[in-house]
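Quick look at input-v1.cif (mmCIF, C-alpha atoms):
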data_model
#
loop_
_atom_site.label_atom_id
_atom_site.label_comp_id
_atom_site.auth_asym_id
_atom_site.auth_seq_id
_atom_site.Cartn_x
_atom_site.Cartn_y
_atom_site.Cartn_z
CA MET A 7 -19.70 -24.02 -13.53
CA ASP A 8 -20.56 -20.76 -11.81
CA SER A 9 -21.07 -17.98 -14.35
CA ARG A 10 -18.91 -15.64 -12.26
CA PHE A 11 -15.81 -17.64 -13.22
CA VAL A 12 -16.43 -17.90 -16.95
CA PRO A 13 -14.06 -15.68 -18.97
CA GLN A 14 -15.68 -12.30 -19.48
CA PRO A 15 -15.03 -9.67 -22.15
CA PHE A 16 -12.14 -7.40 -21.21
CA ALA A 17 -13.44 -4.39 -19.31
CA ARG A 18 -12.52 -0.88 -20.48
CA TRP A 19 -11.95 0.19 -16.87
CA TYR A 20 -9.33 -2.50 -16.23
CA LEU A 21 -6.25 -0.57 -17.40
CA PRO A 22 -7.10 2.66 -15.51
CA GLY A 23 -7.70 0.54 -12.39
CA ALA A 24 -4.40 -1.29 -12.82
CA ILE A 25 -2.50 1.97 -13.36
CA ALA A 26 -4.16 3.50 -10.29
CA SER A 27 -3.12 0.41 -8.30
CA LEU A 28 0.46 0.82 -9.48
CA LEU A 29 0.50 4.52 -8.59
CA ILE A 30 -0.87 3.82 -5.11
CA MET A 31 1.71 1.11 -4.44
CA ALA A 32 4.47 3.33 -5.86
CA LEU A 33 3.35 6.06 -3.45
CA GLY A 34 3.73 3.56 -0.62
CA CYS A 35 7.27 2.79 -1.82
CA VAL A 36 8.08 6.51 -1.87
CA GLY A 37 6.78 6.83 1.70
CA LEU A 38 8.90 3.86 2.71
CA ALA A 39 11.99 5.43 1.10
CA VAL A 40 11.34 8.69 2.94
CA HIS A 41 10.95 6.77 6.21
CA LEU A 42 14.18 4.86 5.64
CA GLY A 43 16.05 8.05 4.75
CA THR A 44 14.82 9.99 7.76
CA ASP A 45 17.37 11.04 10.36
CA PRO A 46 15.70 10.62 13.78
CA ALA A 47 17.87 13.39 15.22
CA GLN A 48 16.09 15.90 12.98
CA LEU A 49 12.61 14.91 14.20
CA PRO A 50 10.60 16.49 17.04
CA LEU A 51 10.80 14.49 20.27
CA ASP A 52 7.39 12.82 19.97
CA GLU A 53 8.05 11.70 16.38
CA ARG A 54 11.57 10.59 17.31
CA ALA A 55 10.20 8.40 20.10
CA LEU A 56 7.77 6.78 17.65
CA PHE A 57 10.52 6.34 15.06
CA GLU A 58 12.86 4.69 17.57
CA ALA A 59 10.15 2.46 19.08
CA GLU A 60 9.35 0.81 15.75
CA PRO A 61 10.79 -2.72 15.70
CA ARG A 62 12.90 -3.54 12.65
CA TRP A 63 10.79 -6.59 11.82
CA VAL A 64 7.69 -4.39 11.66
CA LEU A 65 9.52 -2.05 9.28
CA ALA A 66 10.66 -5.06 7.23
CA ALA A 67 7.07 -6.31 6.95
CA SER A 68 5.93 -2.93 5.62
CA ALA A 69 8.85 -2.86 3.18
CA ILE A 70 7.91 -6.30 1.86
CA GLY A 71 4.27 -5.24 1.61
CA PHE A 72 4.95 -2.08 -0.37
CA VAL A 73 7.72 -3.38 -2.64
CA VAL A 74 6.00 -6.68 -3.46
CA GLY A 75 2.72 -4.80 -3.85
CA ALA A 76 4.30 -2.45 -6.39
CA ALA A 77 5.69 -5.42 -8.31
CA GLY A 78 2.27 -7.09 -8.23
CA ALA A 79 0.58 -3.91 -9.41
CA LEU A 80 3.08 -3.65 -12.27
CA LEU A 81 2.15 -7.21 -13.23
CA LEU A 82 -1.51 -6.14 -13.14
CA VAL A 83 -0.73 -3.44 -15.68
CA LEU A 84 1.03 -6.09 -17.78
CA ARG A 85 -1.97 -8.45 -17.26
CA ARG A 86 0.07 -11.31 -15.77
CA ARG A 87 -1.42 -14.02 -13.54
CA ALA A 88 1.47 -13.78 -11.07
CA ALA A 89 0.05 -10.41 -9.98
CA GLU A 90 -2.55 -12.11 -7.83
CA ARG A 91 0.03 -14.16 -5.89
CA LEU A 92 2.29 -11.16 -5.34
CA LEU A 93 -0.59 -9.00 -4.19
CA LEU A 94 -1.69 -11.73 -1.78
CA LEU A 95 1.86 -11.78 -0.37
CA SER A 96 1.72 -7.98 -0.10
CA LEU A 97 -1.58 -8.20 1.78
CA ALA A 98 -0.13 -10.81 4.16
CA ALA A 99 2.92 -8.61 4.80
CA MET A 100 0.65 -5.63 5.51
CA LEU A 101 -1.30 -7.74 8.00
CA VAL A 102 1.96 -8.67 9.74
CA TRP A 103 2.92 -4.99 9.73
CA ILE A 104 -0.33 -3.95 11.40
CA VAL A 105 -0.34 -6.81 13.91
CA GLY A 106 3.26 -5.95 14.73
CA MET A 107 2.39 -2.32 15.31
CA PHE A 108 -0.40 -3.19 17.72
CA ALA A 109 1.46 -6.08 19.38
CA THR A 110 4.41 -3.87 20.34
CA PRO A 111 3.23 -1.87 23.39
CA ASP A 112 6.04 0.70 23.23
CA PHE A 113 5.13 1.49 19.65
CA ARG A 114 1.34 1.13 19.91
CA ASP A 115 1.09 3.55 22.83
CA LEU A 116 2.76 6.30 20.80
CA LEU A 117 0.41 6.06 17.80
CA SER A 118 -2.19 8.78 17.39
CA GLU A 119 -5.74 8.11 16.24
CA SER A 120 -5.01 9.61 12.82
CA GLN A 121 -1.94 7.37 12.40
CA ILE A 122 -4.01 4.31 13.30
CA ALA A 123 -6.69 5.39 10.82
CA ALA A 124 -4.06 5.87 8.10
CA VAL A 125 -2.67 2.38 8.71
CA LEU A 126 -6.15 0.87 8.46
CA VAL A 127 -6.77 2.78 5.22
CA VAL A 128 -3.51 1.34 3.82
CA LEU A 129 -4.72 -2.14 4.75
CA ALA A 130 -8.11 -1.53 3.10
CA ILE A 131 -6.47 -0.26 -0.10
CA THR A 132 -4.08 -3.22 -0.19
CA TRP A 133 -7.02 -5.61 0.22
CA THR A 134 -8.92 -3.81 -2.54
CA ILE A 135 -5.99 -4.09 -4.96
CA TYR A 136 -5.66 -7.80 -4.15
CA TRP A 137 -9.41 -8.24 -4.71
CA PHE A 138 -9.07 -6.45 -8.06
CA ALA A 139 -6.31 -8.88 -9.11
CA ARG A 140 -8.36 -11.88 -7.99
CA HIS A 141 -11.44 -10.56 -9.79
CA SER A 142 -9.37 -10.00 -12.93
CA ARG A 143 -7.99 -13.55 -12.86
CA GLN A 144 -11.45 -15.02 -12.35
CA ARG A 145 -12.73 -13.07 -15.35
CA GLY A 146 -9.89 -14.35 -17.53
CA TRP A 147 -8.29 -10.94 -18.00
CA LEU A 148 -4.85 -12.06 -16.81
CA ARG A 149 -2.66 -14.34 -18.87
#

Can the structure in the file be given as structure tokens, please?
Amino acid sequence: MDSRFVPQPFARWYLPGAIASLLIMALGCVGLAVHLGTDPAQLPLDERALFEAEPRWVLAASAIGFVVGAAGALLLVLRRRAAERLLLLSLAAMLVWIVGMFATPDFRDLLSESQIAAVLVVLAITWTIYWFARHSRQRGWLR
């Protein structure tokens, strides 16, 4: 058996990493709630056009990604094996979200470079949290 997959002693940095993961996913949920509660009539014209061009299925994919990711991160804090599966589902939903953004020309053409960079950072963070859960399961830290 590969020594990487043998149960390892519990790392002292695990809990701070799990709590940070939960806070990051909770921040994504807060951003989603703000987005859902936004009245497009109150936005400047360029932001309103972007808001109205976003397909509902793309918004649903991001909602699944953030909400399931927060649940998975909570399970990481609780050291449960199901965290890995939920965080994989969150990562898949985030991939659908990003593909949907770029596959919808009306929406894609309105995105600024900084918005695209922010979306890619969200994807990278989601992947990192999933990797952390996978790493933790392989080390035997999740029960």

**Q.** Distance query Gly75 (chain A) at most 6 Å, only C-alpha atoms, self and fewer than 4 positions along chain excluded, as a PyMOL selection string
**A.** chain A and resi 71+93+96

Near region 110-119 of chain A, counting all atoms listed in the file, which residues have an atom at most 10 Å away, once you skip same-chain residues fewer than 2 positions from it, shown as a PyMOL selection string? chain A and resi 52-53+55-61+64+105-108+121-125

Given the selection you just returned, output its residues as a file containing C-alpha atoms, formatted as a PDB file, keeping the file's coordinate frame.
ATOM      1  CA  ASP A  52       7.390  12.820  19.970  1.00  0.00           C
ATOM      2  CA  GLU A  53       8.050  11.700  16.380  1.00  0.00           C
ATOM      3  CA  ALA A  55      10.200   8.400  20.100  1.00  0.00           C
ATOM      4  CA  LEU A  56       7.770   6.780  17.650  1.00  0.00           C
ATOM      5  CA  PHE A  57      10.520   6.340  15.060  1.00  0.00           C
ATOM      6  CA  GLU A  58      12.860   4.690  17.570  1.00  0.00           C
ATOM      7  CA  ALA A  59      10.150   2.460  19.080  1.00  0.00           C
ATOM      8  CA  GLU A  60       9.350   0.810  15.750  1.00  0.00           C
ATOM      9  CA  PRO A  61      10.790  -2.720  15.700  1.00  0.00           C
ATOM     10  CA  VAL A  64       7.690  -4.390  11.660  1.00  0.00           C
ATOM     11  CA  VAL A 105      -0.340  -6.810  13.910  1.00  0.00           C
ATOM     12  CA  GLY A 106       3.260  -5.950  14.730  1.00  0.00           C
ATOM     13  CA  MET A 107       2.390  -2.320  15.310  1.00  0.00           C
ATOM     14  CA  PHE A 108      -0.400  -3.190  17.720  1.00  0.00           C
ATOM     15  CA  GLN A 121      -1.940   7.370  12.400  1.00  0.00           C
ATOM     16  CA  ILE A 122      -4.010   4.310  13.300  1.00  0.00           C
ATOM     17  CA  ALA A 123      -6.690   5.390  10.820  1.00  0.00           C
ATOM     18  CA  ALA A 124      -4.060   5.870   8.100  1.00  0.00           C
ATOM     19  CA  VAL A 125      -2.670   2.380   8.710  1.00  0.00           C
TER      20      VAL A 125
END

Exercise for the section: Could you state which residues are captured by the PyMOL selection byres ((chain A and resi 144) around 10) in this file, as number ranges by chain? Expected result: A: 10-14, 138-143, 145-148

**Q.** Expected selection from the PyMOL selection byres ((chain A and resi 41) around 12), given as JSON, numbers by chain
**A.** {"A": [34, 35, 36, 37, 38, 39, 40, 42, 43, 44, 45, 46, 49, 53, 54, 56, 57, 58, 60, 65, 66, 68, 69]}

Edge lengths and centre in Å to one decimal, as lines of an AutoDock Vina configuration file, is what I'm after for the box along x, y and z that holds all listed atoms of region 53-72 of chain A once 6 Å is added on each side.
center_x = 8.6
center_y = 2.6
center_z = 9.9
size_x = 20.6
size_y = 30.3
size_z = 32.5

The PyMOL selection byres ((chain A and resi 131) around 12) - which residues does that actually catch in the file I just gave you? List them as a PDB file with C-alpha atoms, keeping the file's coordinate frame.
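Result file is result25.pdb:
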ATOM      1  CA  ALA A  26      -4.160   3.500 -10.290  1.00  0.00           C
ATOM      2  CA  SER A  27      -3.120   0.410  -8.300  1.00  0.00           C
ATOM      3  CA  LEU A  28       0.460   0.820  -9.480  1.00  0.00           C
ATOM      4  CA  LEU A  29       0.500   4.520  -8.590  1.00  0.00           C
ATOM      5  CA  ILE A  30      -0.870   3.820  -5.110  1.00  0.00           C
ATOM      6  CA  MET A  31       1.710   1.110  -4.440  1.00  0.00           C
ATOM      7  CA  GLY A  34       3.730   3.560  -0.620  1.00  0.00           C
ATOM      8  CA  GLY A  71       4.270  -5.240   1.610  1.00  0.00           C
ATOM      9  CA  PHE A  72       4.950  -2.080  -0.370  1.00  0.00           C
ATOM     10  CA  GLY A  75       2.720  -4.800  -3.850  1.00  0.00           C
ATOM     11  CA  LEU A  93      -0.590  -9.000  -4.190  1.00  0.00           C
ATOM     12  CA  SER A  96       1.720  -7.980  -0.100  1.00  0.00           C
ATOM     13  CA  LEU A  97      -1.580  -8.200   1.780  1.00  0.00           C
ATOM     14  CA  MET A 100       0.650  -5.630   5.510  1.00  0.00           C
ATOM     15  CA  ALA A 124      -4.060   5.870   8.100  1.00  0.00           C
ATOM     16  CA  VAL A 125      -2.670   2.380   8.710  1.00  0.00           C
ATOM     17  CA  LEU A 126      -6.150   0.870   8.460  1.00  0.00           C
ATOM     18  CA  VAL A 127      -6.770   2.780   5.220  1.00  0.00           C
ATOM     19  CA  VAL A 128      -3.510   1.340   3.820  1.00  0.00           C
ATOM     20  CA  LEU A 129      -4.720  -2.140   4.750  1.00  0.00           C
ATOM     21  CA  ALA A 130      -8.110  -1.530   3.100  1.00  0.00           C
ATOM     22  CA  THR A 132      -4.080  -3.220  -0.190  1.00  0.00           C
ATOM     23  CA  TRP A 133      -7.020  -5.610   0.220  1.00  0.00           C
ATOM     24  CA  THR A 134      -8.920  -3.810  -2.540  1.00  0.00           C
ATOM     25  CA  ILE A 135      -5.990  -4.090  -4.960  1.00  0.00           C
ATOM     26  CA  TYR A 136      -5.660  -7.800  -4.150  1.00  0.00           C
ATOM     27  CA  TRP A 137      -9.410  -8.240  -4.710  1.00  0.00           C
ATOM     28  CA  PHE A 138      -9.070  -6.450  -8.060  1.00  0.00           C
TER      29      PHE A 138
END

note - CA of Leu92 (chain A) and CA of Ile25 (chain A) are separated by 16.1 Å

Residue nearest Trp19 (chain A) among A:Val102, A:Ala109, A:Val83, A:Leu94 (counting only C-alpha atoms):
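Selected residue with least distance to Trp19 (chain A): A:Val83.
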
Q.
I'd like the interatomic distance between CA of Ala32 (chain A) and CA of Ala76 (chain A), to a tenth of an Å.
A.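 So the answer is 5.8 Å.
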
Mind giving me the straight-line distance from CA of Pro50 (chain A) to CA of Ala99 (chain A) in Å, one decimal?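 Between these atoms lies a distance of 29.0 Å.
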
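Residue nearest Pro22 (chain A) within the list A:Ala88, A:Leu82, A:Ile70, A:Ala77: A:Leu82 [criterion: smallest interatomic distance, all atoms listed in the file].
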
Tell me which of A:Ala17, A:Ala67, A:Val74, A:Ala79 sits closest to Leu95 (chain A), counting all atoms listed in the file.
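Looking at the shortest contact to Leu95 (chain A), the residue is A:Val74.
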
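Using all atoms listed in the file, the residues found no farther than 7 Å from Arg149 (chain A), other than those of its own chain fewer than 3 positions away, are Arg85, Arg86 and Arg87 of chain A.
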
Got a minute to add N, CA and C atoms to region 31-43 of chain A and dump it as a PDB file, in the frame of the given file?
ATOM      1  N   MET A  31       0.622   1.896  -5.013  1.00  0.00           N
ATOM      2  CA  MET A  31       1.710   1.110  -4.440  1.00  0.00           C
ATOM      3  C   MET A  31       3.057   1.832  -4.576  1.00  0.00           C
ATOM      4  N   ALA A  32       3.241   2.546  -5.680  1.00  0.00           N
ATOM      5  CA  ALA A  32       4.470   3.330  -5.860  1.00  0.00           C
ATOM      6  C   ALA A  32       4.533   4.442  -4.811  1.00  0.00           C
ATOM      7  N   LEU A  33       3.396   5.034  -4.499  1.00  0.00           N
ATOM      8  CA  LEU A  33       3.350   6.060  -3.450  1.00  0.00           C
ATOM      9  C   LEU A  33       3.755   5.467  -2.108  1.00  0.00           C
ATOM     10  N   GLY A  34       3.315   4.238  -1.840  1.00  0.00           N
ATOM     11  CA  GLY A  34       3.730   3.560  -0.620  1.00  0.00           C
ATOM     12  C   GLY A  34       5.232   3.324  -0.589  1.00  0.00           C
ATOM     13  N   CYS A  35       5.811   2.982  -1.742  1.00  0.00           N
ATOM     14  CA  CYS A  35       7.270   2.790  -1.820  1.00  0.00           C
ATOM     15  C   CYS A  35       8.011   4.102  -1.583  1.00  0.00           C
ATOM     16  N   VAL A  36       7.474   5.203  -2.101  1.00  0.00           N
ATOM     17  CA  VAL A  36       8.080   6.510  -1.870  1.00  0.00           C
ATOM     18  C   VAL A  36       8.032   6.851  -0.376  1.00  0.00           C
ATOM     19  N   GLY A  37       6.885   6.600   0.257  1.00  0.00           N
ATOM     20  CA  GLY A  37       6.780   6.830   1.700  1.00  0.00           C
ATOM     21  C   GLY A  37       7.753   5.980   2.486  1.00  0.00           C
ATOM     22  N   LEU A  38       7.934   4.741   2.068  1.00  0.00           N
ATOM     23  CA  LEU A  38       8.900   3.860   2.710  1.00  0.00           C
ATOM     24  C   LEU A  38      10.318   4.404   2.553  1.00  0.00           C
ATOM     25  N   ALA A  39      10.656   4.863   1.342  1.00  0.00           N
ATOM     26  CA  ALA A  39      11.990   5.430   1.100  1.00  0.00           C
ATOM     27  C   ALA A  39      12.231   6.666   1.955  1.00  0.00           C
ATOM     28  N   VAL A  40      11.220   7.497   2.090  1.00  0.00           N
ATOM     29  CA  VAL A  40      11.340   8.690   2.940  1.00  0.00           C
ATOM     30  C   VAL A  40      11.562   8.265   4.392  1.00  0.00           C
ATOM     31  N   HIS A  41      10.808   7.269   4.833  1.00  0.00           N
ATOM     32  CA  HIS A  41      10.950   6.770   6.210  1.00  0.00           C
ATOM     33  C   HIS A  41      12.349   6.220   6.443  1.00  0.00           C
ATOM     34  N   LEU A  42      12.853   5.440   5.491  1.00  0.00           N
ATOM     35  CA  LEU A  42      14.180   4.860   5.640  1.00  0.00           C
ATOM     36  C   LEU A  42      15.280   5.905   5.591  1.00  0.00           C
ATOM     37  N   GLY A  43      15.052   6.999   4.868  1.00  0.00           N
ATOM     38  CA  GLY A  43      16.050   8.050   4.750  1.00  0.00           C
ATOM     39  C   GLY A  43      15.959   9.125   5.821  1.00  0.00           C
TER      40      GLY A  43
END
